[in-house]
Each structure stands twice: as structure tokens, then as C-alpha cells.
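Q: Below is one structure. I have some questions about it.
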Amino acid sequence: MTRNSPARQESENTPMHRIAAALIIITLMLAAAVSADAEELIGRLEYSGGGDWYANPTSLPNLLEFAGEHTNLDLPRREVNVKPGARELHSFAYVHATGHGRISFSAEEARNLREYLLGGGFLHVDDNYGLDESFREEIRKIFPDRQLVELPFSHPIYHCFFDFPDGLPKIHEHDGGPPGGYAIVHEGRVVLFYSHNTDLGDGWESLEVHDNPEKVRLQALRMGTNLLVYALSR
Amino acid sequence: MDFNDPRMILTIAGAVAAALALYLSSLRLRHASAARKALLLGLRSALLLMLLVAVLNPVRERVQQMPHEPLMLVALDASPSMTKLPLDGRSRYAEALAALEGGAAVPDGAWVERFLVGEGASRVSEFPSSPQPSAGSDLQAALSELLRVPRDRRPAACLLISDGADDTHRPLARVAAGLAAYEIPVYCLGVGSSDPVPDVSIPGLVGPETVVEGERFELRALVRAAGLADEPIALSLREGEREIRSARLEAGEVERPATFELTAGDPGAHRYVLEARGGAAEATAANNRRSIVVRVEPAEARILWIEGSPRREYAFLRRLMLQIDDLDVTILLRKQEPAEFWRDDGEPRRASLAQVVGELSRYRAVVLSNIDAGALEGLTSRLADYVTGGGALAMLGGADAFGAGGWAGTPVAGALPVRVSGGDGLLADPLPVRLSDGGELSRALLDSGIADWERLPLLEGMNAVAGVMPDAEVALQAAGGAGAGAPVLAGRRFGAGRTLAVTVDDTWRWRQSPSADAHSRAAWEALWTTVVGRLIAPRVDRQVVLELGRDTFEAGEPIRADVHVTDEEMRPVAGASVRIEIDGPGAEREVAADATRDEGVYRATVRASGPGELRLRAVAERGGEALGEDRRAVEVVEPLGELTDAARPEMLEAIAEQTGGRYLPLERADEMADILKLEPETERRTVRLQPARTWWFFALILLIAAADWLLRRRWGVG
């Protein structure tokens, strides 16, 4: 250990040294305080079968922005595409599937999806028109022992943040008729929510895409927010 | 003849000097006639003899008979029962004074000293018509005070006029025997009626100290209806302002028991107040109420979970909580900043945080899960008190937890097992964890059979903390990354409660992630069942118990507070520093409790001068370490004085009998003088006579000297 001379102490107290020392401290503090608060992973299911899984490209970013503004959910700005058979699927808090046409799962994909959903994951399937028939067939691959059940309007998924006393809102007319909210329920928890005959994703899309009335868009975004709140709290 | 005696030597010297002086005088008178010479020599001889006597001062003792008046002490009781009772009409004191002023009670020819007696005795020249009542009465102490005083003349007798009521409740025999020791007969005149003073009181109200929620229990009361045995009594049992039971005790016995069957309500302290309604004729209503506190423990373990936001960690933990048998979880989930909370343990609905936290005593544990201190502003002190009082508290990690959540410097931070500082943020560096050695938490995790904690999926980051409290146990710690070595799971006892800290927020990755497997899922289960088990474990028996015996006291009455201090193994703790903090009307702020002969028991005496609620908090420490605390609240009522004291002639009879006096009721006071009949006393006194020290002796010396001088001048001789 050496004793500093007065001259050396003086040189260490120059303004430049002080600024450098402050910068080093600030850098170290910033490095230590980098947020480890990982945003929840939101996924888009990249299924096979021919359906346009990539439909409504602005829908999820709009929903994430809306939900982030109205709740304290820690959400990313965009979703991440994920294949049904990927192990990465298990990192997602909420996975969204939509499209027109056919959806198909391989046996491995069905097994992985089942494991994901029963292990704590959440899948929202939104029939963008024409997905219903194939989805109802494919869901039997994932849950051969369970049935899709229509949720009562009193279910928490309709009330956990915004209140939907009449159940799913009707967003887009295709075949007419009321919208239907169906689910696979495991141990009291909805692990898969299927929105039929409403097209929530259309309502989430940017205004210029479908020119839906603002009130209708708002209803769709609010219902989507409920789905996210439910997925991250139940 | 003792030649060592200076007086003897002085006598011989004086005699020799006198003989020499007479010889010289005779020489000077040789020319005088024989008659004149004889006369002058005679005078001088007498003078010399008297001077010799004056110097030697001989003493003579003689016994004399001295007649004098007998001394009599008259003591008039001026205690509250004498001056205030009966409630209507002339007081007992006034009756006694009238009898004394009539003069029949005191015999003629006695020398009288007068005293007012109560708690003590004070001498008065005359008895006042309206004396200042004493605070109480202690006949033995008061009479002893005036009987034991040394006097020139021994008192021939003491006359006590009293109702015999005595605050001390000493046995009659003991009082009488104590006064008999002075060997002065005490004659007593009894005043007042021995019929009970009409009064309803509740001497006792008892019940269990602790019951379990929903349990049926009994409160048993004893109601006394002195002088009102033929009157029914209405009873009302209240909790707070609400009457929960009423009863009517039919006329009959003076002492009537009453029982109330109750069902334990919500967990927490319940104060029940029993009130008896007597008639308008009763002496005082101040003793018509009695209260008791019954502590209700939760029937099943209840946890209050306060969650900062919907997130994956919470969703997984919520599922686990709701699956555990016999666990009742109340969840407050914040869904919008800054403080929009929802109940999330059942149907989702908006809820008031303040209302739920206001009922903390209902819960065995509170979990603060990624919630910032700002959201609980104003409640953090209560949370810390809750832990000190025996509750369990856990803080779970996240962006709004520990230092990142603004908890540094709060009362809660002081209770946690980790040190929280304002500069603590989040460390975004993947980390494995490892099990630490030792401690209850570590053993519980080890017993779960999970090995290779380091092999679990990496966590993405953790809350930075400034260290671990010295008395805390670290069960899991970061095995790598920026926070290597930092605590991941730590626990600590704090006060009578315990706290836990989990500094990570993505253990769900062990439950579900690309690399999660059966081993990691089992580890997740083991971790959180251990945490929950620790939180809901039955409360440790309080290490500090404040015992007061009852919870209603009269103003000014000493309240004996015993503090029992035990360690975690329930062994008595010696050498503790115990103090009692007091909050209430007219009381000291704090008193120290001293160790007693019983190990682990510390005692202090507290007094409250005014009526109202008195809150006591006993705090025990040893070597700077807090051992715990306990609280009690008691009710202080207006002092009853002696408003309910009937006359006790039996006390006066006992005193008179034991001391050799007589007892008569006041109505027969005129007989007392005849009974006393004190004869004049004569006293044999020994008198010391010293003639050489009398005035006439010195006058005689001067006369002889003057005669000698005049004769010598007249006759013209020497």
C-alpha cells in the first residue's frame, strides 16, 4: 500500500477525473439496473394445412398496444410466430391462431400443443371464416378426451377486465347468427378459447383494413384484452 | 475513702483551705473580744462550709407521688363510607359527631386528644363538621399511627367511633391482634347499618382467551345484587356498540351466575362488554360493567395475496394456491395502475385494497407479489406490525419488488430477510440456483428429494438486493450470472412472526418452458409448497405474554402487570430487558418490569389516574435482540370508593375484645362514659434534690458574707 502524495491527490481531483468517475459509476449502475423484467411472450401459431395463419397482420400488434394502454400487462409490441410442434411454444403465455381455410396438426404437433395447454399455456383460436370445420376436426387430435363447450356469459373470461354481459361481441358478419365462445376447460381453467362467427381479429386490425366502426373495433379490442388478462392470471 | 476520686481530693483540699482560712482569721481577730471573735469566726465557718458545699454540689434523690388527669384518645373515622353513606339522610360521620358533641361518650376529667382516621390518622383540635374524606380506610394502620406515638403520659384508653368498614379486607382477627400489641384498650362505638348497601355489581366475567373461528364458547359471569336480592336484574352483552345477547336474572339470590353461549366470529380480537342494569336505588353504576377480550384464530390457514399485475409467474402460483387443501386464499390482483385491484380468488370483481388490508388479523400470511410500496402507501407500517405480532409475510420478486419497487426504508423492508436499498434494480443475467446448507427452509427443500438444483432451467434474472440480514437463513442462492451468490430464497423470524423473500419472478420456467421436464416441475412444486408451508405454519406461540389478571380496574388502583418471556422452545428467558409502554389517560408513558423470583416472569405496576381505555404494550429484548411483544387493553372506571361498604360492627367488636375495650352501638353512646370511668392517675416520680444549686442557697451565702463584712466594719476589726 502506498501513500498518495498531495500532487497525486490534486491530479485525481481534476474536473475531467470527476466526470470520468461519474460516467463510470453511472455506466455501472445502468449495467446493474438493466431491466430483467421480461415481457410476456405472445405468439402467432404458424400451423400447416393451407390456411392463411398469417392473416390479419396488424391485429395482434394493435391488440397488444391497446391492452398495454388499458391494463398493466407487461406486453411486447409484436407477436412472435411459433410452430405448433416447436419446443419454444412452451415459453409463450398466449398463442393466437387465425386464418381462412384449413388447419391441420400432425400427431407430434398435437401432442406438443396438448402438453403446452395442459401444462399452463393458453391458445386462442379465432375463426376468420372457413376455419371452423377443419379446426373442430383437428382439435380432436389434441384433446380426444375432451369436448369444446360453449362458455356461459357469466364466465370470468367475459368479465375479468371489461364487462361483456352478453358474451362475445359480434364483430364481422359472415353467415349471420350469434357469435359463439367455446372452450376446452382443464381443471377449471380455459386452456383453449375458440371464438366463432365473430372474427375478433378483423376488429383488431387497423381501421383502414376493414373499415369497421370504431365502436365495433373497441369491442373487439376489449374482448381481446380480456383474453390476455385471463391467460396471464388464470 | 477513695483517693482516686477527684471529688474526694477536692473535698480534702477545700477543708484544709477552710481550716487555714479560719486559723488566719482567728489570728487577725486576736484583739477582738471573745464574743465578737466567736461570732465572726462562726459566720466565716458557715460561709466557708457553704462555699465548700457549693463546689461539691451534693445530690439527693427522693420519690414523690404525682396525681394527673387520664389521657384519652378519641378517633373519629372520616373515611368515604362514613362521610358519604348512607346515600340519603345524615351521614354516618354526622351521626357520630352529634353523639360526641353530646358529650355522653367521653367521661369528665379526662385529657382528650382528638384524631380523624382514614388511611392514616391526623390530630385535630376539634372535629370538623364537614371533614375532607380520606381516600380510603385502613383501620389497623390508622389506629396504629396514633397508639404507637410515645407520649409523656400513656393513654388510658382510645375511643374509636367508626362503621368498621375497611378497604384492606384484612381478616378481623389480624387487625384486632395487631392493635392489641399496643396494650391500650380501644373502646368502640359502631355507627351505620350492617345491612348491605343496595348495589348491583359484576365481580367476575370469564371466558377462553383464544378460540378458533366458528367454535362455540361460553362467557360466564357472576352478578352480585347486594341489598337488592328481591329485584330482577337485566343483563346486556355487547360487542362494540351492538347488543348480541340479553338476559334477565330473576330475584332470589344475592349472587347470581349467568352464562352466555357464543360462536367465535371473524378472526381477531373481540371485546365483549357485559352490563347489568340495577335500579335507581343502587349506590353506584360504576361497577355495573365488565369486559373481556377473546382472541379468535382462523379455522383454516388464510393467505392474503397482493399481486402487482397479471403475469405468468402469478398465473402458475395462483393455480397452486387454489389447489392446496385447507388453504383459503384471498387474492387482490392489480390490473391497472396505479391501484385498481380486483378480487381474483373467485369470480373477478373490483375490490378495495384498504378494506382487505384493514382486516389483516384474519390472515395467517400476507404475500406481496411484485407490488410496489407506493400501491400500499400508508399500510406498510401495519404490515410490519402484523409480522411483529405473529403474522407471516413474503415478498416475491419482479420489477415492482424490493428496491426496484421502492420498498427501501419502509417498515416492511426492515422485517425482510434481505437488505433492501434504494439503488437496487434488476439483474438481467440468466442464472442457475443452488441449495444452501443448513436452516429449516434448506432442510425442507432437501427433504423434498430434489437434487441438482443447478440443473434446473435458467432463470432470466433477479432482483438485486444489498445483502442478507444477519439472522436470516438463505435456502437458495444464485449459482452464477451477475447476481452469483445472491439470495434467491431467504427466510427470517421477525418479532413473533416470520418473513420470506423470493428474489426471482420466473420460476414458472421450471414448470413450463422448452427445457422444463419432470425434474424441474417437481422442483417448482417443492419450492412453492415449501414457501407456502412456511407461510401457513401454525403461529409460533407468543414468546412474550402480558398478563393482567383482569381487564377492568378502578382509577388509581394499581395494575399488576406480569410479563412472561419464553424462547422459541418455550423455555423461560432470564436476563431479558422488559418494558411496558402505556397509552391512556393520566398514566406514565413507560415503566420497566423487574425480574421476579420466577424465571422468565417480569413484573411492573402501572397506575391510571383517570377513567378510559388504557393500552399496554409489553416489549422484551435481550442483548439488543427483540424477543417479542404483547398487547392488552384494559378499561379504567371511576373509583367506587367505599360506596358499597356496609357497616361492619364485627370488626369493631373484634378490636374492642382483643385490646381490652368494649364495643357499643352508637345508640348506646351515653353508656360509654360510665363504662370508661377513668380514675385520676397518680404517678410515682423520683426527684433529684441539689440544694447547692438553689437560689436560696446562694442568697444565704451572700447574706452571711454581707453580715461578716458589716460587723467587721462596725467593730473595726480585721
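Identifiers in the C-alpha cells: chain A, B, ... in order shown; residue index from 1 per chain; ligand index from 1 in order shown.
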Leaving out Thr596 (chain B) and any residue of its chain fewer than 6 positions from it, which residues lie within 12 Å of it when counting only C-alpha atoms, given as a ChimeraX atom specification?

A: /B:561-565,572-576,578,602-604

Q: Please list as an MDAnalysis selection string every residue within 10 Å of Glu65 (chain A), counting only C-alpha atoms and excluding residues in the same chain fewer than 2 positions away.

A: chainID A and resid 60:63 67:70 75:78 221 225

Q: Rank B:Leu548, B:Val254, B:Leu459, B:Val474 by their smallest atom-to-atom distance to chain A, using only C-alpha atoms, and report the top residue only.

A: B:Leu459

Q: Taking into account only C-alpha atoms, which residue in the set A:Leu218, A:Val125, A:Leu151, A:Leu117 is nearest to chain B?

A: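 Among the listed residues, the smallest separation from chain B belongs to A:Leu117.
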
Q: Please extract the residues of region 69-113 of chain A with a backbone DSSP assignment of alpha helix (DSSP H) and present them as a PyMOL selection string.

A: chain A and resi 69-70+107-113

Q: Expressed in Å to a single decimal, how great is the separation between CA of Gln543 (chain B) and CA of Val601 (chain B)?

A: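 If I compute the distance from CA of Gln543 (chain B) to CA of Val601 (chain B), I get 11.6 Å.
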
Q: Residues of chain B within 8 Å of chain A, counting only C-alpha atoms - could you list those as a VMD selection string?

A: chain B and resid 309 to 312 314 to 316 318 to 319 334 to 337 347 to 349 398 to 399 424 to 429 460 to 462 509 511 to 514

Q: Which value, in Å to one decimal, gives the distance between CA of Glu653 (chain B) and CA of Ala165 (chain B)?

A: 12.4 Å

Q: Going by DSSP on the backbone, which bits of region 110-244 of chain B are strand (DSSP E or B)? Write them as a ChimeraX atom specification, please.

A: /B:111-117,121-124,155-162,186-190,199-206,210-212,216-226,233-239,242-244
